[in-house]
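For reference, entry25.cif is printed below; it contains mmCIF, C-alpha atoms.
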data_input
#
loop_
_atom_site.label_atom_id
_atom_site.label_comp_id
_atom_site.auth_asym_id
_atom_site.auth_seq_id
_atom_site.Cartn_x
_atom_site.Cartn_y
_atom_site.Cartn_z
CA MET A 1224 66.16 -77.61 -99.93
CA THR A 1225 62.94 -77.54 -97.93
CA MET A 1226 62.92 -75.13 -95.01
CA THR A 1227 61.31 -76.31 -91.78
CA PRO A 1228 58.85 -73.61 -90.65
CA THR A 1229 59.60 -72.00 -87.31
CA PRO A 1230 56.46 -72.13 -85.14
CA ILE A 1231 54.91 -68.77 -84.29
CA THR A 1232 55.25 -68.51 -80.52
CA THR A 1233 55.29 -65.67 -78.06
CA THR A 1234 58.14 -64.90 -75.71
CA SER A 1235 57.57 -64.97 -71.99
CA THR A 1236 60.50 -62.93 -70.74
CA ASN A 1237 58.20 -60.20 -69.47
CA GLY A 1238 55.03 -62.07 -68.59
CA ALA A 1239 52.71 -64.21 -70.71
CA GLY A 1240 53.09 -63.57 -74.42
CA ARG A 1241 55.18 -60.41 -74.09
CA ALA A 1242 58.51 -59.41 -75.53
CA PRO A 1243 61.32 -58.26 -73.19
CA VAL A 1244 60.78 -54.67 -72.08
CA ALA A 1245 64.05 -53.53 -73.67
CA ASP A 1246 62.85 -54.76 -77.08
CA VAL A 1247 59.63 -52.69 -77.04
CA ILE A 1248 60.26 -49.11 -78.18
CA ASP A 1249 57.91 -46.17 -78.72
CA VAL A 1250 57.25 -44.15 -81.86
CA ALA A 1251 59.76 -41.42 -81.03
CA THR A 1252 62.54 -43.97 -80.48
CA VAL A 1253 61.76 -45.73 -83.76
CA GLN A 1254 61.89 -42.41 -85.60
CA GLN A 1255 65.24 -41.61 -83.98
CA LEU A 1256 66.60 -45.03 -84.97
CA LEU A 1257 65.49 -44.61 -88.58
CA HIS A 1258 67.07 -41.16 -88.74
CA ALA A 1259 70.35 -42.21 -87.11
CA ASP A 1260 70.85 -45.62 -88.72
CA PRO A 1261 69.85 -46.26 -92.36
CA THR A 1262 70.42 -49.99 -91.91
CA VAL A 1263 67.38 -50.34 -89.62
CA ARG A 1264 64.63 -52.35 -91.29
CA LEU A 1265 60.91 -52.02 -90.51
CA ILE A 1266 58.96 -55.26 -90.97
CA ASP A 1267 55.18 -54.88 -91.04
CA VAL A 1268 53.57 -58.25 -90.20
CA ARG A 1269 49.99 -57.19 -90.95
CA THR A 1270 48.01 -58.66 -93.84
CA ALA A 1271 48.64 -57.39 -97.35
CA GLY A 1272 45.28 -55.61 -97.37
CA GLU A 1273 46.06 -53.73 -94.17
CA TYR A 1274 49.50 -52.79 -95.49
CA GLU A 1275 48.10 -51.55 -98.79
CA SER A 1276 45.56 -49.36 -96.98
CA ALA A 1277 48.22 -47.56 -94.92
CA HIS A 1278 51.85 -48.24 -94.09
CA ILE A 1279 55.02 -46.54 -92.92
CA PRO A 1280 57.25 -45.36 -95.80
CA GLY A 1281 60.16 -47.73 -96.34
CA SER A 1282 58.62 -50.61 -94.38
CA TYR A 1283 58.52 -54.16 -95.73
CA ASN A 1284 55.32 -56.21 -95.66
CA VAL A 1285 55.85 -59.78 -94.45
CA PRO A 1286 52.54 -61.17 -93.12
CA LEU A 1287 52.82 -63.06 -89.85
CA ASP A 1288 52.24 -66.52 -91.30
CA SER A 1289 54.87 -65.96 -94.00
CA LEU A 1290 57.36 -64.69 -91.43
CA GLY A 1291 56.87 -67.83 -89.35
CA GLU A 1292 57.60 -70.04 -92.34
CA HIS A 1293 60.82 -68.16 -93.12
CA ALA A 1294 61.93 -67.07 -89.66
CA ALA A 1295 65.44 -68.51 -90.04
CA GLU A 1296 66.04 -66.50 -93.21
CA PHE A 1297 64.92 -63.23 -91.64
CA ALA A 1298 66.85 -63.98 -88.45
CA ALA A 1299 70.01 -64.31 -90.54
CA LEU A 1300 69.79 -60.66 -91.65
CA ASP A 1301 72.58 -58.53 -90.20
CA HIS A 1302 70.38 -55.43 -90.01
CA PRO A 1303 68.60 -54.18 -86.88
CA VAL A 1304 64.88 -54.94 -87.24
CA VAL A 1305 61.80 -53.21 -85.86
CA LEU A 1306 58.57 -55.23 -86.02
CA LEU A 1307 55.12 -53.71 -86.17
CA CYS A 1308 51.49 -54.70 -86.72
CA GLN A 1309 48.26 -52.82 -86.06
CA THR A 1310 48.34 -52.70 -82.25
CA GLY A 1311 51.13 -55.03 -81.10
CA ALA A 1312 49.75 -58.56 -80.69
CA ARG A 1313 50.99 -59.97 -83.99
CA SER A 1314 54.39 -58.29 -83.76
CA THR A 1315 54.78 -59.95 -80.34
CA GLN A 1316 54.24 -63.33 -81.99
CA ALA A 1317 56.68 -62.42 -84.76
CA HIS A 1318 59.22 -61.37 -82.11
CA GLY A 1319 58.92 -64.80 -80.52
CA ALA A 1320 59.50 -66.57 -83.84
CA LEU A 1321 62.56 -64.50 -84.77
CA THR A 1322 64.02 -64.68 -81.27
CA SER A 1323 63.68 -68.47 -81.32
CA ALA A 1324 65.48 -68.47 -84.67
CA GLY A 1325 68.38 -66.52 -83.13
CA LYS A 1326 67.72 -62.98 -84.36
CA GLN A 1327 69.66 -60.24 -82.58
CA GLN A 1328 69.06 -56.44 -82.67
CA LEU A 1329 65.30 -57.00 -82.67
CA HIS A 1330 62.70 -54.48 -81.53
CA MET A 1331 58.94 -53.95 -81.59
CA LEU A 1332 57.01 -50.73 -82.16
CA GLU A 1333 54.89 -50.21 -79.05
CA GLY A 1334 51.24 -49.78 -80.03
CA GLY A 1335 51.93 -50.65 -83.66
CA MET A 1336 50.56 -48.76 -86.63
CA ALA A 1337 47.77 -47.29 -84.51
CA ALA A 1338 50.33 -45.59 -82.25
CA TRP A 1339 52.38 -44.41 -85.24
CA GLN A 1340 49.37 -42.74 -86.85
CA ALA A 1341 48.21 -41.25 -83.54
CA ALA A 1342 51.65 -39.67 -83.14
CA GLY A 1343 51.44 -38.08 -86.59
CA GLY A 1344 54.09 -40.28 -88.21
CA ASP A 1345 54.46 -40.31 -91.99
CA VAL A 1346 52.05 -42.74 -93.66
CA VAL A 1347 51.58 -43.92 -97.24
CA HIS A 1348 47.86 -44.36 -97.95
CA GLY A 1349 46.49 -46.73 -100.59
CA THR A 1350 43.65 -46.05 -102.98
CA SER A 1351 41.23 -48.28 -101.06
CA GLU A 1352 40.85 -48.88 -97.35
CA LYS A 1353 40.59 -52.43 -96.03
CA TRP A 1354 39.63 -53.22 -92.48
CA ALA A 1355 42.47 -53.92 -90.08
CA LEU A 1356 42.48 -57.50 -88.78
CA ASP A 1357 41.66 -56.29 -85.26
CA ARG A 1358 38.56 -54.58 -86.65
CA GLN A 1359 37.55 -57.72 -88.54
CA VAL A 1360 37.84 -59.73 -85.32
CA ARG A 1361 35.63 -57.26 -83.45
CA PHE A 1362 33.04 -57.37 -86.23
CA VAL A 1363 32.90 -61.18 -86.40
CA ALA A 1364 32.90 -61.59 -82.60
CA GLY A 1365 30.17 -58.98 -82.21
CA SER A 1366 28.08 -60.50 -85.00
CA LEU A 1367 28.31 -64.01 -83.53
CA SER A 1368 27.37 -62.71 -80.08
CA LEU A 1369 24.39 -60.81 -81.47
CA VAL A 1370 23.21 -63.84 -83.45
CA GLY A 1371 23.51 -66.01 -80.34
CA ILE A 1372 21.48 -63.59 -78.22
CA LEU A 1373 18.74 -63.11 -80.83
CA ALA A 1374 18.55 -66.82 -81.61
CA SER A 1375 18.22 -67.65 -77.91
CA ILE A 1376 14.75 -66.07 -77.97
CA ALA A 1377 13.57 -69.06 -79.98
CA VAL A 1378 16.29 -71.55 -79.06
CA PRO A 1379 17.49 -70.94 -75.48
CA LYS A 1380 20.66 -72.99 -75.92
CA ALA A 1381 21.84 -70.57 -78.61
CA LYS A 1382 22.93 -68.23 -75.82
CA TRP A 1383 25.98 -70.45 -75.39
CA LEU A 1384 27.26 -69.15 -78.72
CA ALA A 1385 27.56 -65.68 -77.22
CA GLY A 1386 29.12 -67.20 -74.11
CA GLY A 1387 31.66 -69.09 -76.18
CA VAL A 1388 32.66 -65.95 -78.06
CA ALA A 1389 33.02 -64.04 -74.78
CA SER A 1390 35.19 -66.80 -73.32
CA GLY A 1391 37.36 -66.75 -76.42
CA LEU A 1392 37.88 -63.00 -76.14
CA VAL A 1393 38.86 -63.32 -72.47
CA PHE A 1394 41.38 -66.05 -73.30
CA SER A 1395 42.68 -63.93 -76.19
CA ALA A 1396 43.34 -61.02 -73.84
CA VAL A 1397 44.99 -63.15 -71.14
CA SER A 1398 47.23 -65.08 -73.55
CA ASN A 1399 47.82 -62.15 -75.94
CA THR A 1400 46.92 -64.40 -78.86
CA CYS A 1401 43.94 -64.41 -81.21
CA ALA A 1402 42.69 -67.68 -82.67
CA MET A 1403 39.94 -65.89 -84.58
CA GLY A 1404 42.47 -63.50 -86.07
CA ASN A 1405 44.66 -66.42 -87.15
CA VAL A 1406 41.67 -67.93 -88.97
CA LEU A 1407 40.71 -64.63 -90.61
CA MET A 1408 44.28 -64.14 -91.85
CA LYS A 1409 43.87 -67.24 -94.00
CA LEU A 1410 40.82 -65.92 -95.85
CA PRO A 1411 41.40 -64.89 -99.51
CA TYR A 1412 40.48 -61.30 -98.56
CA ASN A 1413 43.52 -61.11 -96.31
CA ARG A 1414 46.02 -63.32 -98.09
CA SER A 1415 48.60 -62.42 -100.70
CA ASN A 1416 51.48 -64.12 -102.48
CA CYS A 1417 54.35 -62.59 -100.55
CA ASP A 1418 57.60 -62.72 -102.54
CA ILE A 1419 59.86 -63.68 -99.66
CA GLU A 1420 63.03 -63.88 -101.73
CA GLY A 1421 62.27 -60.50 -103.27
CA VAL A 1422 61.68 -58.91 -99.86
CA LEU A 1423 64.85 -60.43 -98.42
CA SER A 1424 66.87 -59.23 -101.41
CA GLU A 1425 65.52 -55.68 -101.06
CA MET A 1426 66.23 -55.64 -97.34
CA ARG A 1427 69.83 -56.75 -97.89
CA LEU A 1428 70.54 -54.25 -100.67
CA ALA A 1429 68.68 -51.15 -99.48
CA ALA A 1430 70.92 -48.32 -98.30
#
Before anything else, please render the file you have as structure tokens.
Amino acid sequence: MTMTPTPITTTSTNGAGRAPVADVIDVATVQQLLHADPTVRLIDVRTAGEYESAHIPGSYNVPLDSLGEHAAEFAALDHPVVLLCQTGARSTQAHGALTSAGKQQLHMLEGGMAAWQAAGGDVVHGTSEKWALDRQVRFVAGSLSLVGILASIAVPKAKWLAGGVASGLVFSAVSNTCAMGNVLMKLPYNRSNCDIEGVLSEMRLAA
């Protein structure tokens, strides 16, 4: 049977593109939940490369695009779920998708992996470090802006490239979305063949 993908959308309960305040919890609260309730599941929606570089022990990697395609299956899990990404933007989108699919007992780690590491939380490090998607976005946006400015010396209209990038970043901040990040996620460098059925099976059976 073919599953109809659930669109990745953000919730607007607490302003544009934000999850309800009660669903956003800090590092200390997540650690308390994990200690008190072994049924809590951590879902890391970053790319496979980001996850391999550093991740929270016991977390499950389900990249954002894969989660959107299988939102109904993850929403059907009985376990409490805590979503995380690098800084919070992608987990907000994942929260919207799972909420729309009917998921209950759903939370987000405030500040994402960056906040977890800053707080000294346990981290599993991989053998090679890959750039976080947020860092890739900054690099590409900065490079395009620089090219536009330098090219405008010879071709004045090239300055609009830098202006377009700046406008995109402003819209990204206001809407709490990132079109450039969504494009970069689809590059081979960031993609992986996520075994959804395997992940779901592990999440159901884990103690």
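The spacing separating CA of Ala1251 (chain A) from CA of Glu1275 (chain A) amounts to 23.5 Å.
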If the box runs along x, y and z of the file and leaves 3 Å on each side of region 1277-1283 of chain A, what are its centre and edge lengths in Å, one decimal, as lines of an AutoDock Vina configuration file?
center_x = 54.2
center_y = -49.8
center_z = -94.6
size_x = 17.9
size_y = 14.8
size_z = 9.4
Query raised in the report: Can you tell me, as an MDAnalysis selection string, what residues are no more than 10 Å from Tyr1283 (chain A) when counting only C-alpha atoms, ignoring any on the same chain fewer than 6 positions away?
Result: chainID A and resid 1264:1268 1274 1306 1422:1423 1425:1426
Write a file of the selected residues as a PDB file, in the frame of the given file, keeping C-alpha atoms.
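This is the output file selection22.pdb:
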ATOM      1  CA  ARG A1264      64.630 -52.350 -91.290  1.00  0.00           C
ATOM      2  CA  LEU A1265      60.910 -52.020 -90.510  1.00  0.00           C
ATOM      3  CA  ILE A1266      58.960 -55.260 -90.970  1.00  0.00           C
ATOM      4  CA  ASP A1267      55.180 -54.880 -91.040  1.00  0.00           C
ATOM      5  CA  VAL A1268      53.570 -58.250 -90.200  1.00  0.00           C
ATOM      6  CA  TYR A1274      49.500 -52.790 -95.490  1.00  0.00           C
ATOM      7  CA  LEU A1306      58.570 -55.230 -86.020  1.00  0.00           C
ATOM      8  CA  VAL A1422      61.680 -58.910 -99.860  1.00  0.00           C
ATOM      9  CA  LEU A1423      64.850 -60.430 -98.420  1.00  0.00           C
ATOM     10  CA  GLU A1425      65.520 -55.680-101.060  1.00  0.00           C
ATOM     11  CA  MET A1426      66.230 -55.640 -97.340  1.00  0.00           C
TER      12      MET A1426
END
Query - Straight-line distance linking CA of Ala1317 (chain A) with CA of Asp1418 (chain A), stated in Å to one decimal - result: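 The value is 17.8 Å.
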Report summary line: Residue with the minimum atom-to-atom distance to Lys1353 (chain A), picked from A:Ala1341, A:Val1253, A:Ala1271, A:Val1263 with all atoms listed in the file counted, is A:Ala1271
**Report entry** Length of the CA of Gln1254 (chain A) to CA of Thr1322 (chain A) vector [Å]
**Finding:** 22.8 Å
Report summary line: If you count all atoms listed in the file, the residue of A:Ala1298, A:Leu1257, A:Cys1308, A:Ala1338 closest to Glu1273 (chain A) turns out to be A:Cys1308
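With only C-alpha atoms as the atoms that count, the minimum distance from Leu1300 (chain A) to the choices A:Leu1332, A:Ile1248, A:Leu1428, A:Cys1417 is reached by A:Leu1428.
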Query raised in the report: Of the candidates A:Val1346, A:Val1360, A:Ser1289, A:Ile1279, which shows the shortest atom-to-atom distance to Val1406 (chain A), using only C-alpha atoms?
Result: A:Val1360
**Report entry** Exercise: Phe1297 (chain A) partners within 8 Å, all atoms listed in the file, chain neighbours under 4 positions left out, as an MDAnalysis selection string
**Finding:** chainID A and resid 1290 1293 1321 1326 1423
Report task. Quick one: everything within 12 Å of Asp1260 (chain A), counting all atoms listed in the file, minus sequence neighbours fewer than 6 positions away in the same chain. Send it as a count of residues only. Result -> 7
Report task. Using all atoms listed in the file, determine which residues lie at most 6 Å from Ile1372 (chain A), disregarding the query and same-chain residues fewer than 3 positions distant; provide the list as a PyMOL selection string. Result -> chain A and resi 1369+1375+1382
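The smallest atom-to-atom distance between His1318 (chain A) and any of A:Asp1357, A:Asp1246, A:Glu1333, A:Asp1345, using all atoms listed in the file, is found for A:Asp1246.
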**Report entry** Nearest to Ser1323 (chain A) by atom-to-atom distance, counting only C-alpha atoms, from A:Gly1291, A:Gly1391, A:Gly1343, A:Gly1335
**Finding:**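 So, comparing all the options, the nearest one is A:Gly1291.
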Requested in this report: Would you list the residues near (44.0, -44.5, -99.4) (no more than 10 Å away, in the coordinates of the file, using only C-alpha atoms) as an MDAnalysis selection string?
Outcome: chainID A and resid 1275:1277 1347:1353
Requested in this report: Would you translate the PyMOL selection byres ((chain A and resi 1385) around 7) into the concrete set of residues it matches in this file, as a VMD selection string?
Outcome: chain A and resid 1367 to 1368 1371 to 1372 1382 to 1384 1386 to 1389
Query - Arg1313 (chain A) surroundings by all atoms listed in the file, 8 Å radius, close-in-sequence under 3 positions cut, as a list in words - result: Val1268, Arg1269, Leu1287, Leu1307, Cys1308, Gln1309, Thr1310, Gln1316, Ala1317 and Thr1400 of chain A
Preceding selection exported with C-alpha atoms as a PDB file, keeping the file's coordinate frame:
ATOM      1  CA  VAL A1268      53.570 -58.250 -90.200  1.00  0.00           C
ATOM      2  CA  ARG A1269      49.990 -57.190 -90.950  1.00  0.00           C
ATOM      3  CA  LEU A1287      52.820 -63.060 -89.850  1.00  0.00           C
ATOM      4  CA  LEU A1307      55.120 -53.710 -86.170  1.00  0.00           C
ATOM      5  CA  CYS A1308      51.490 -54.700 -86.720  1.00  0.00           C
ATOM      6  CA  GLN A1309      48.260 -52.820 -86.060  1.00  0.00           C
ATOM      7  CA  THR A1310      48.340 -52.700 -82.250  1.00  0.00           C
ATOM      8  CA  GLN A1316      54.240 -63.330 -81.990  1.00  0.00           C
ATOM      9  CA  ALA A1317      56.680 -62.420 -84.760  1.00  0.00           C
ATOM     10  CA  THR A1400      46.920 -64.400 -78.860  1.00  0.00           C
TER      11      THR A1400
END
